[in-house]
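Enquirer: The file below is protein.csv, CSV, C-alpha atoms:
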```
chain,number,residue,atom,x,y,z
A,19,MET,CA,88.9,117.6,98.3
A,20,LYS,CA,87.3,115.2,95.8
A,21,ILE,CA,89.6,114.0,93.0
A,22,LEU,CA,88.8,111.9,90.0
A,23,ILE,CA,91.6,110.1,88.2
A,24,GLU,CA,91.3,108.3,84.9
A,25,LEU,CA,93.9,105.6,84.6
A,26,PRO,CA,95.7,104.2,81.5
A,27,THR,CA,94.1,101.1,80.0
A,28,TRP,CA,97.2,98.8,80.1
A,29,LEU,CA,98.5,97.2,83.3
A,30,GLY,CA,102.1,98.4,82.8
A,31,ASP,CA,101.2,102.0,82.0
A,32,CYS,CA,99.0,102.1,85.0
A,33,VAL,CA,101.8,100.9,87.3
A,34,MET,CA,104.0,103.6,85.8
A,35,THR,CA,101.6,106.3,86.8
A,36,THR,CA,101.9,105.4,90.5
A,37,PRO,CA,104.7,107.9,91.4
A,38,ALA,CA,102.6,110.7,89.8
A,39,ILE,CA,99.5,109.6,91.6
A,40,GLU,CA,101.3,109.5,94.9
A,41,ASN,CA,102.4,113.1,94.2
A,42,ILE,CA,98.7,114.1,93.6
A,43,ALA,CA,97.7,112.4,96.9
A,44,ASN,CA,100.5,114.3,98.7
A,45,TYR,CA,99.7,117.7,97.1
A,46,TYR,CA,96.1,118.0,98.3
A,47,ASN,CA,95.0,118.1,101.9
A,48,ASN,CA,93.1,114.9,102.8
A,49,PRO,CA,92.1,114.1,99.2
A,50,LYS,CA,89.3,111.6,98.5
A,51,ILE,CA,90.2,109.9,95.3
A,52,THR,CA,88.0,108.1,92.8
A,53,ILE,CA,89.8,106.1,90.2
A,54,ILE,CA,88.3,104.9,86.9
A,55,GLY,CA,89.8,102.8,84.1
A,56,SER,CA,90.0,99.3,82.8
A,57,LEU,CA,89.5,96.3,85.0
A,58,ALA,CA,93.3,95.7,85.1
A,59,SER,CA,94.2,99.3,85.9
A,60,VAL,CA,91.7,99.7,88.7
A,61,GLU,CA,93.0,96.5,90.3
A,62,VAL,CA,96.5,98.1,90.6
A,63,LEU,CA,95.3,101.1,92.7
A,64,LYS,CA,92.1,100.0,94.4
A,65,ASN,CA,93.9,99.5,97.8
A,66,HIS,CA,95.5,102.9,97.9
A,67,PRO,CA,94.7,104.5,101.3
A,68,LYS,CA,93.4,107.7,99.6
A,69,VAL,CA,91.1,105.9,97.2
A,70,VAL,CA,87.5,105.9,98.3
A,71,ARG,CA,85.8,104.6,95.1
A,72,THR,CA,86.7,102.7,92.0
A,73,ASP,CA,84.8,102.3,88.7
A,74,VAL,CA,85.5,100.2,85.6
A,75,LEU,CA,84.9,102.4,82.6
A,76,LYS,CA,82.9,100.7,79.8
A,77,LYS,CA,84.4,100.9,76.3
A,78,THR,CA,81.3,102.2,74.5
A,79,TYR,CA,80.9,105.9,73.7
A,80,LEU,CA,77.3,105.8,74.8
A,81,SER,CA,78.3,104.9,78.3
A,82,LEU,CA,80.6,107.9,78.8
A,83,TYR,CA,77.9,110.5,79.5
A,84,LYS,CA,76.0,108.3,81.8
A,85,THR,CA,79.2,107.3,83.7
A,86,ALA,CA,80.2,110.9,84.1
A,87,LYS,CA,76.8,111.9,85.5
A,88,ASP,CA,76.8,108.9,87.9
A,89,LEU,CA,80.2,109.9,89.3
A,90,GLY,CA,79.0,113.4,90.2
A,91,GLU,CA,81.0,116.5,90.7
A,92,PHE,CA,84.7,116.8,91.6
A,93,ASP,CA,87.1,119.5,92.6
A,94,VAL,CA,89.8,118.2,90.2
A,95,PHE,CA,89.9,115.7,87.4
A,96,PHE,CA,93.1,114.2,86.0
A,97,SER,CA,93.2,111.9,83.0
A,98,PHE,CA,96.4,109.9,82.2
A,99,ARG,CA,94.9,109.1,78.7
A,100,SER,CA,95.0,111.2,75.6
A,101,SER,CA,92.6,109.4,73.2
A,102,PHE,CA,89.5,111.0,71.6
A,103,ARG,CA,87.3,108.9,73.8
A,104,SER,CA,89.1,110.1,76.9
A,105,ARG,CA,88.8,113.7,75.8
A,106,LEU,CA,85.1,113.2,75.3
A,107,PHE,CA,84.8,111.7,78.8
A,108,LYS,CA,86.6,114.8,80.2
A,109,PHE,CA,84.1,117.1,78.5
A,110,PHE,CA,81.3,115.3,80.4
A,111,ILE,CA,83.0,115.4,83.8
A,112,LEU,CA,81.7,118.0,86.2
A,113,SER,CA,84.8,119.8,87.5
A,114,ASN,CA,86.2,123.3,87.3
A,115,ASN,CA,89.7,121.9,87.1
A,116,LYS,CA,90.4,119.4,84.4
A,117,TYR,CA,93.9,118.1,83.3
A,118,GLN,CA,94.6,115.7,80.5
A,119,PHE,CA,97.8,113.9,79.6
A,120,LYS,CA,99.2,114.9,76.2
A,121,ASN,CA,101.9,113.0,74.2
A,122,LYS,CA,104.3,115.9,74.2
A,123,TYR,CA,107.0,114.7,76.5
A,124,ARG,CA,110.1,113.4,74.8
A,125,ASN,CA,113.4,111.7,75.7
A,126,CYS,CA,112.5,110.4,79.1
A,127,HIS,CA,111.1,107.4,80.8
A,128,GLN,CA,107.3,106.9,80.7
A,129,VAL,CA,107.2,107.3,84.5
A,130,GLU,CA,108.8,110.7,84.1
A,131,LYS,CA,106.3,111.6,81.3
A,132,TYR,CA,103.4,110.9,83.6
A,133,ASN,CA,105.1,112.8,86.5
A,134,ASN,CA,105.9,115.8,84.3
A,135,PHE,CA,102.2,115.9,83.3
A,136,ILE,CA,101.3,116.3,87.0
A,137,ASN,CA,104.0,118.9,87.6
A,138,ASP,CA,102.8,120.9,84.7
A,139,SER,CA,99.2,120.6,85.8
A,140,LEU,CA,99.9,121.7,89.4
A,141,ASN,CA,102.8,124.0,88.7
A,142,ALA,CA,104.9,121.8,91.0
A,143,ASN,CA,108.3,120.2,90.9
A,144,PHE,CA,107.8,116.7,92.3
A,145,LEU,CA,110.3,114.0,91.7
A,146,ALA,CA,109.1,110.6,90.5
A,147,ASP,CA,109.7,108.2,93.3
A,148,LYS,CA,109.4,104.4,93.3
A,149,LEU,CA,106.4,102.5,91.8
A,150,ASN,CA,103.7,101.5,94.3
A,151,ILE,CA,100.9,99.2,93.4
A,152,CYS,CA,99.5,99.1,97.0
A,153,LEU,CA,99.2,95.3,96.9
A,154,ILE,CA,97.3,93.8,99.8
A,155,SER,CA,97.2,90.0,100.4
A,156,LYS,CA,94.1,88.0,101.0
A,157,LYS,CA,94.9,88.1,104.7
A,158,ASN,CA,94.8,91.9,104.6
A,159,LYS,CA,98.5,92.2,105.3
A,160,SER,CA,101.0,94.1,103.2
A,161,ILE,CA,103.0,91.6,101.0
A,162,VAL,CA,106.7,91.6,101.2
A,163,VAL,CA,109.2,89.9,98.9
A,164,GLU,CA,110.2,86.6,100.6
A,165,ASN,CA,110.8,83.0,99.9
A,166,PHE,CA,107.5,81.5,98.6
A,167,HIS,CA,106.8,77.9,99.4
A,168,THR,CA,105.1,76.2,96.5
A,169,GLU,CA,103.8,73.1,98.2
A,170,GLU,CA,100.2,74.3,97.7
A,171,LEU,CA,100.9,74.2,93.9
A,172,GLY,CA,102.1,70.6,94.1
A,173,ILE,CA,105.8,71.3,94.3
A,174,LYS,CA,107.1,69.5,97.3
A,175,ASP,CA,110.4,71.2,98.1
A,176,SER,CA,111.1,74.7,99.2
A,177,LYS,CA,113.6,76.0,96.7
A,178,PRO,CA,113.5,79.7,95.8
A,179,THR,CA,110.9,80.5,93.1
A,180,LEU,CA,111.5,81.5,89.5
A,181,GLY,CA,108.7,83.1,87.5
A,182,LEU,CA,108.6,83.0,83.7
A,183,ASN,CA,106.4,85.5,81.9
A,184,PRO,CA,106.6,84.8,78.1
A,185,GLY,CA,103.6,86.9,77.0
A,186,ALA,CA,103.2,90.5,76.0
A,187,THR,CA,99.8,92.0,75.1
A,188,TYR,CA,101.2,94.7,72.7
A,189,GLY,CA,102.1,92.1,70.0
A,190,SER,CA,104.1,89.1,68.9
A,191,ALA,CA,107.2,91.1,68.2
A,192,LYS,CA,107.7,91.6,72.0
A,193,ARG,CA,107.7,87.9,72.7
A,194,TRP,CA,110.8,85.8,73.2
A,195,TYR,CA,110.7,82.2,72.1
A,196,PRO,CA,109.2,79.3,74.3
A,197,GLN,CA,112.1,77.0,73.7
A,198,GLN,CA,114.6,79.7,74.9
A,199,PHE,CA,112.5,80.3,78.1
A,200,ALA,CA,112.5,76.5,78.6
A,201,LYS,CA,116.2,76.2,78.2
A,202,VAL,CA,116.7,78.9,80.9
A,203,ALA,CA,114.2,77.3,83.2
A,204,ALA,CA,115.7,73.8,82.8
A,205,GLU,CA,119.2,75.1,83.5
A,206,LEU,CA,118.0,76.8,86.7
A,207,SER,CA,115.6,74.1,87.8
A,208,ASN,CA,118.1,72.5,90.2
A,209,LYS,CA,118.1,75.8,92.1
A,210,TYR,CA,114.6,77.2,91.6
A,211,ASN,CA,111.0,76.0,91.5
A,212,ILE,CA,109.4,77.3,88.4
A,213,LEU,CA,106.1,79.1,87.9
A,214,ILE,CA,104.9,79.8,84.3
A,215,PHE,CA,102.6,82.8,84.0
A,216,GLY,CA,100.3,84.1,81.4
A,217,GLY,CA,96.8,85.5,80.7
A,218,PRO,CA,94.0,83.8,78.8
A,219,ASP,CA,95.6,84.8,75.5
A,220,GLU,CA,99.0,83.4,76.4
A,221,ILE,CA,98.0,79.9,77.3
A,222,ASP,CA,99.5,78.5,74.1
A,223,ILE,CA,102.9,79.9,74.6
A,224,ALA,CA,102.9,78.8,78.2
A,225,ASN,CA,101.9,75.3,77.2
A,226,ASP,CA,104.8,75.2,74.6
A,227,ILE,CA,107.2,76.0,77.4
A,228,GLU,CA,105.7,73.3,79.6
A,229,GLN,CA,106.0,70.8,76.8
A,230,TYR,CA,109.7,71.6,76.3
A,231,LEU,CA,110.3,71.3,80.1
A,232,ILE,CA,108.6,67.8,80.0
A,233,GLU,CA,110.9,66.8,77.2
A,234,MET,CA,113.9,68.0,79.2
A,235,GLY,CA,112.8,66.0,82.3
A,236,VAL,CA,112.0,69.0,84.5
A,237,THR,CA,109.2,68.3,87.0
A,238,ASN,CA,109.4,71.1,89.6
A,239,TYR,CA,107.2,73.5,87.8
A,240,GLN,CA,103.6,74.7,87.6
A,241,ASN,CA,101.9,76.2,84.6
A,242,LEU,CA,99.5,78.9,85.9
A,243,ALA,CA,98.7,80.5,82.5
A,244,GLY,CA,95.0,81.4,82.4
A,245,ARG,CA,94.5,80.1,85.9
A,246,THR,CA,94.9,83.2,88.1
A,247,MET,CA,93.0,86.4,88.6
A,248,LEU,CA,95.1,89.6,88.4
A,249,ASP,CA,95.2,90.1,92.2
A,250,GLU,CA,96.4,86.5,92.6
A,251,PHE,CA,98.9,87.0,89.8
A,252,MET,CA,100.4,90.0,91.4
A,253,GLU,CA,100.6,88.2,94.7
A,254,TYR,CA,102.5,85.4,93.2
A,255,ILE,CA,104.9,87.9,91.6
A,256,SER,CA,105.5,89.5,95.0
A,257,HIS,CA,106.9,86.2,96.4
A,258,LEU,CA,109.3,85.5,93.5
A,259,ASN,CA,113.0,85.3,94.0
A,260,LEU,CA,113.7,85.8,90.3
A,261,PHE,CA,111.6,86.9,87.4
A,262,ILE,CA,112.3,86.5,83.7
A,263,THR,CA,110.0,88.4,81.4
A,264,GLY,CA,109.6,90.4,78.3
A,265,ASP,CA,108.6,94.1,78.2
A,266,SER,CA,105.2,93.7,79.8
A,267,GLY,CA,102.8,94.8,82.5
A,268,PRO,CA,103.9,92.1,84.9
A,269,MET,CA,107.5,93.4,84.4
A,270,HIS,CA,106.4,96.7,86.0
A,271,VAL,CA,104.5,95.0,88.7
A,272,ALA,CA,107.8,93.2,89.6
A,273,ALA,CA,109.6,96.5,89.6
A,274,SER,CA,107.1,97.9,92.1
A,275,LEU,CA,107.8,94.9,94.4
A,276,GLN,CA,111.6,95.1,93.8
A,277,VAL,CA,111.8,91.5,92.5
A,278,PRO,CA,115.1,90.6,90.8
A,279,THR,CA,114.3,90.7,87.1
A,280,VAL,CA,115.8,89.9,83.8
A,281,ALA,CA,113.8,91.8,81.2
A,282,ILE,CA,114.1,90.9,77.5
A,283,PHE,CA,113.6,93.8,75.1
A,284,GLY,CA,113.1,93.6,71.3
A,285,PRO,CA,111.1,96.2,69.4
A,286,THR,CA,110.3,98.5,72.3
A,287,ASP,CA,112.5,101.3,73.8
A,288,ASP,CA,114.0,100.3,77.2
A,289,LYS,CA,114.9,104.0,77.8
A,290,GLU,CA,111.1,104.6,78.1
A,291,THR,CA,109.7,101.4,79.5
A,292,SER,CA,112.4,99.5,81.4
A,293,GLN,CA,111.9,98.7,85.1
A,294,TRP,CA,111.8,101.9,87.1
A,295,MET,CA,114.0,102.1,90.2
A,296,ASN,CA,114.5,98.4,90.6
A,297,LYS,CA,118.2,98.0,91.6
A,298,LYS,CA,118.1,94.3,90.7
A,299,SER,CA,117.0,94.6,87.1
A,300,ILE,CA,118.9,93.7,84.0
A,301,VAL,CA,117.8,94.5,80.4
A,302,ILE,CA,118.8,92.1,77.7
A,303,LYS,CA,118.7,93.5,74.1
A,304,LYS,CA,120.8,93.3,71.0
A,305,ASP,CA,121.1,97.1,70.0
A,306,LEU,CA,120.4,96.5,66.3
A,307,ASP,CA,120.1,99.3,63.8
A,308,CYS,CA,116.3,98.6,63.5
A,309,GLN,CA,115.7,98.9,67.2
A,310,PRO,CA,113.4,100.2,68.5
A,311,CYS,CA,110.9,99.9,65.7
A,312,MET,CA,107.9,100.0,68.2
A,313,LYS,CA,105.9,97.7,65.9
A,314,ARG,CA,103.5,94.9,66.9
A,315,THR,CA,105.1,92.5,64.3
A,316,CYS,CA,108.5,92.7,62.8
A,317,PRO,CA,108.3,95.0,59.7
A,318,LEU,CA,111.4,93.4,58.2
A,319,GLY,CA,110.2,89.9,58.7
A,320,HIS,CA,113.3,88.5,60.5
A,321,HIS,CA,112.6,89.3,64.2
A,322,ASN,CA,116.3,89.4,64.9
A,323,CYS,CA,115.9,91.6,67.9
A,324,MET,CA,114.5,88.6,69.7
A,325,LYS,CA,115.8,85.7,67.6
A,326,LEU,CA,119.5,86.7,68.3
A,327,ILE,CA,118.9,86.6,72.1
A,328,GLU,CA,120.1,83.2,73.4
A,329,ALA,CA,119.3,81.4,76.6
A,330,THR,CA,123.0,81.9,77.6
A,331,ASP,CA,122.5,85.7,77.5
A,332,VAL,CA,119.8,85.4,80.1
A,333,LEU,CA,121.7,82.9,82.2
A,334,ASN,CA,124.7,85.2,82.3
A,335,ALA,CA,122.5,88.0,83.5
A,336,VAL,CA,121.0,85.8,86.2
A,337,ASN,CA,124.5,84.8,87.4
A,338,SER,CA,125.5,88.5,87.5
A,339,PHE,CA,123.0,89.0,90.4
A,340,LYS,CA,125.3,87.0,92.6
A,341,ARG,CA,128.3,89.2,92.1
```
Starting from the coordinates I provided, produce the structure as structure tokens.

Expert:
Amino acid sequence: MKILIELPTWLGDCVMTTPAIENIANYYNNPKITIIGSLASVEVLKNHPKVVRTDVLKKTYLSLYKTAKDLGEFDVFFSFRSSFRSRLFKFFILSNNKYQFKNKYRNCHQVEKYNNFINDSLNANFLADKLNICLISKKNKSIVVENFHTEELGIKDSKPTLGLNPGATYGSAKRWYPQQFAKVAAELSNKYNILIFGGPDEIDIANDIEQYLIEMGVTNYQNLAGRTMLDEFMEYISHLNLFITGDSGPMHVAASLQVPTVAIFGPTDDKETSQWMNKKSIVIKKDLDCQPCMKRTCPLGHHNCMKLIEATDVLNAVNSFKR
């Protein structure tokens, strides 16, 4: 059984498809799955035991037909995207059974939306289980959450490790403030070594946090923003003892690895995109009348959904993990 799956573009959305994809893999007898999507989304599932081929889909319309023909024929095609470009790609795919996600599912978590799409497509009744990114370490061993020794990064002691993820690709409205992240990190630095994460577009905000830490005399940290490939980034997350993040793709990676997480929500809806099935996850938000606005920048100009969240709110959440 040859199956082609088109993945969502964004890292977090792709992670949230994994329960649905696991149900696809279990529905068919000995499926051979090809996955196609963005570089980030392919990275999430390339190590799945049923995946036999991966392709990064180019963004140009002209490449869609050629890519579809190069892939060949499939028994079933599933697309977790609903854009015009994706619908055009579906038209070119050689398969008698084609299913495409539609934005018709309401009042449920995004994981359930993707899973409901698969249930509707297969006339099934699967439950959405835990997230599973199938992460494999460089030593070809499954990674488990454990204490991570940071000596290789220049931190000499072996305290537990705290990860800070201040970025969010959706827009500036989802980002908490560097000074607040630094206040939290400084307060916890006697108990945790600190890793600051971020992609190439998040180096500035990570550097701001680093500067605040320097001013506060914190030395047991490393700024990894812009310095890790995605597979390395996910491996670092897997070894964290605590993760503090906004609503972001790495937040969902942490959920799949059951990393204790404090997630800071502003304009987005935690009922749809909070960590899925992570028992050690706490959402921090202010429940303002304007939330969730789902905008990339604050339409009211005050950004109170993030501005009103203090370092003490996050520290109180961290302390609640011990109770």

Enquirer: Could you state the separation of CA of Ala224 (chain A) and CA of Leu182 (chain A) in Å, given to one decimal place?

Expert: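 Straight-line distance from CA of Ala224 (chain A) to CA of Leu182 (chain A) works out to 9.0 Å.
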
Enquirer: To one decimal place, how far is CA of Gly55 (chain A) from CA of Thr85 (chain A) in Å?

Expert: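 According to the coordinates, CA of Gly55 (chain A) and CA of Thr85 (chain A) are separated by 11.5 Å.
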
Enquirer: Go through A:Met324, A:Ile232, A:Met247, A:Ala273 one by one, measure the shortest atom-to-atom distance of each to Asp305 (chain A) using all atoms listed in the file, and give the residue with the smallest value.

Expert: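 Closest to Asp305 (chain A) of all the choices is A:Met324.
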
Enquirer: In Å to one decimal, how far is CA of Asp88 (chain A) from CA of Ser100 (chain A)?

Expert: 22.1 Å

Enquirer: Counting all atoms listed in the file, what is within 6 Å of region 203-210 of chain A, bar same-chain residues fewer than 6 positions away, as a list in words?

Expert: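 My list of contacting residues is Lys177, Pro178, Thr179 and Leu180 of chain A.
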
Enquirer: Residues at most 8 Å from Trp194 (chain A), counting all atoms listed in the file, excluding those fewer than 6 positions away in the same chain, as a PDB file with C-alpha atoms, keeping the file's coordinate frame?

Expert:
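Result went into out24.pdb, see below:
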```pdb
ATOM      1  CA  PRO A 184     106.600  84.800  78.100  1.00  0.00           C
ATOM      2  CA  GLY A 264     109.600  90.400  78.300  1.00  0.00           C
ATOM      3  CA  ILE A 282     114.100  90.900  77.500  1.00  0.00           C
ATOM      4  CA  MET A 324     114.500  88.600  69.700  1.00  0.00           C
ATOM      5  CA  LYS A 325     115.800  85.700  67.600  1.00  0.00           C
TER       6      LYS A 325
END
```

Enquirer: Restricting the calculation to all atoms listed in the file: of A:Ile221, A:Leu112, A:Leu57, A:Leu140, which residue gets closest to Tyr83 (chain A)?

Expert: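 Ranked by minimum distance to Tyr83 (chain A), first place goes to A:Leu112.
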
Enquirer: Fewer than 2 positions away in the same chain doesn't count, so skip those; otherwise give me all residues within 7 Å of region 24-38 of chain A, counting all atoms listed in the file, as a ChimeraX atom specification.

Expert: /A:22,40-42,53-56,58-59,62,96-99,128-129,132-133,136,146-151,266-268,270-271

Enquirer: Need the neighbours of (123.6, 79.2, 76.0): which residues are at most 10 Å away, counting only C-alpha atoms, as a list in words?

Expert: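 These residues have at least one counted atom within 10 Å: Gln198, Lys201, Val202, Glu205, Ile327, Glu328, Ala329, Thr330, Asp331, Val332, Leu333 and Asn334 of chain A.
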
Enquirer: Between A:Glu250, A:Asp93, A:Asp138, A:Asp287, single out the one closest to Gly217 (chain A), counting only C-alpha atoms.

Expert: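 Between A:Glu250, A:Asp93, A:Asp138, A:Asp287, the residue approaching Gly217 (chain A) most closely is A:Glu250.
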
Enquirer: Looking at A:Asn183, A:Asn225, A:Asn322, A:Thr315, which one is nearest to Ala281 (chain A), with distances taken over only C-alpha atoms?

Expert: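 Of the candidates, the smallest distance to Ala281 (chain A) is held by A:Asn183.
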
Enquirer: Generate the missing atoms of region 124-142 of chain A up to N, CA and C atoms and report them as a PDB file, in the coordinates of the input.

Expert:
```pdb
ATOM      1  N   ARG A 124     109.152 114.113  75.657  1.00  0.00           N
ATOM      2  CA  ARG A 124     110.100 113.400  74.800  1.00  0.00           C
ATOM      3  C   ARG A 124     111.378 113.070  75.638  1.00  0.00           C
ATOM      4  N   ASN A 125     112.076 112.038  75.178  1.00  0.00           N
ATOM      5  CA  ASN A 125     113.400 111.700  75.700  1.00  0.00           C
ATOM      6  C   ASN A 125     113.467 111.477  77.176  1.00  0.00           C
ATOM      7  N   CYS A 126     112.479 110.773  77.692  1.00  0.00           N
ATOM      8  CA  CYS A 126     112.500 110.400  79.100  1.00  0.00           C
ATOM      9  C   CYS A 126     111.660 109.161  79.317  1.00  0.00           C
ATOM     10  N   HIS A 127     111.797 108.591  80.484  1.00  0.00           N
ATOM     11  CA  HIS A 127     111.100 107.400  80.800  1.00  0.00           C
ATOM     12  C   HIS A 127     109.569 107.684  80.921  1.00  0.00           C
ATOM     13  N   GLN A 128     108.737 106.675  80.666  1.00  0.00           N
ATOM     14  CA  GLN A 128     107.300 106.900  80.700  1.00  0.00           C
ATOM     15  C   GLN A 128     106.849 107.319  82.132  1.00  0.00           C
ATOM     16  N   VAL A 129     107.505 106.825  83.176  1.00  0.00           N
ATOM     17  CA  VAL A 129     107.200 107.300  84.500  1.00  0.00           C
ATOM     18  C   VAL A 129     107.408 108.779  84.649  1.00  0.00           C
ATOM     19  N   GLU A 130     108.482 109.282  84.058  1.00  0.00           N
ATOM     20  CA  GLU A 130     108.800 110.700  84.100  1.00  0.00           C
ATOM     21  C   GLU A 130     107.769 111.511  83.260  1.00  0.00           C
ATOM     22  N   LYS A 131     107.323 110.930  82.164  1.00  0.00           N
ATOM     23  CA  LYS A 131     106.300 111.600  81.300  1.00  0.00           C
ATOM     24  C   LYS A 131     105.035 111.843  82.139  1.00  0.00           C
ATOM     25  N   TYR A 132     104.583 110.795  82.812  1.00  0.00           N
ATOM     26  CA  TYR A 132     103.400 110.900  83.600  1.00  0.00           C
ATOM     27  C   TYR A 132     103.599 111.922  84.776  1.00  0.00           C
ATOM     28  N   ASN A 133     104.775 111.875  85.365  1.00  0.00           N
ATOM     29  CA  ASN A 133     105.100 112.800  86.500  1.00  0.00           C
ATOM     30  C   ASN A 133     105.197 114.221  86.000  1.00  0.00           C
ATOM     31  N   ASN A 134     105.789 114.411  84.826  1.00  0.00           N
ATOM     32  CA  ASN A 134     105.900 115.800  84.300  1.00  0.00           C
ATOM     33  C   ASN A 134     104.512 116.348  83.971  1.00  0.00           C
ATOM     34  N   PHE A 135     103.605 115.499  83.542  1.00  0.00           N
ATOM     35  CA  PHE A 135     102.200 115.900  83.300  1.00  0.00           C
ATOM     36  C   PHE A 135     101.612 116.484  84.604  1.00  0.00           C
ATOM     37  N   ILE A 136     101.835 115.808  85.711  1.00  0.00           N
ATOM     38  CA  ILE A 136     101.300 116.300  87.000  1.00  0.00           C
ATOM     39  C   ILE A 136     101.999 117.559  87.434  1.00  0.00           C
ATOM     40  N   ASN A 137     103.300 117.631  87.262  1.00  0.00           N
ATOM     41  CA  ASN A 137     104.000 118.900  87.600  1.00  0.00           C
ATOM     42  C   ASN A 137     103.520 120.046  86.796  1.00  0.00           C
ATOM     43  N   ASP A 138     103.308 119.831  85.504  1.00  0.00           N
ATOM     44  CA  ASP A 138     102.800 120.900  84.700  1.00  0.00           C
ATOM     45  C   ASP A 138     101.377 121.313  85.068  1.00  0.00           C
ATOM     46  N   SER A 139     100.580 120.344  85.437  1.00  0.00           N
ATOM     47  CA  SER A 139      99.200 120.600  85.800  1.00  0.00           C
ATOM     48  C   SER A 139      99.109 121.404  87.122  1.00  0.00           C
ATOM     49  N   LEU A 140      99.962 121.059  88.075  1.00  0.00           N
ATOM     50  CA  LEU A 140      99.900 121.700  89.400  1.00  0.00           C
ATOM     51  C   LEU A 140     100.933 122.758  89.632  1.00  0.00           C
ATOM     52  N   ASN A 141     101.705 123.052  88.579  1.00  0.00           N
ATOM     53  CA  ASN A 141     102.800 124.000  88.700  1.00  0.00           C
ATOM     54  C   ASN A 141     103.701 123.635  89.890  1.00  0.00           C
ATOM     55  N   ALA A 142     104.081 122.363  89.888  1.00  0.00           N
ATOM     56  CA  ALA A 142     104.900 121.800  91.000  1.00  0.00           C
ATOM     57  C   ALA A 142     106.202 121.295  90.435  1.00  0.00           C
TER      58      ALA A 142
END
```
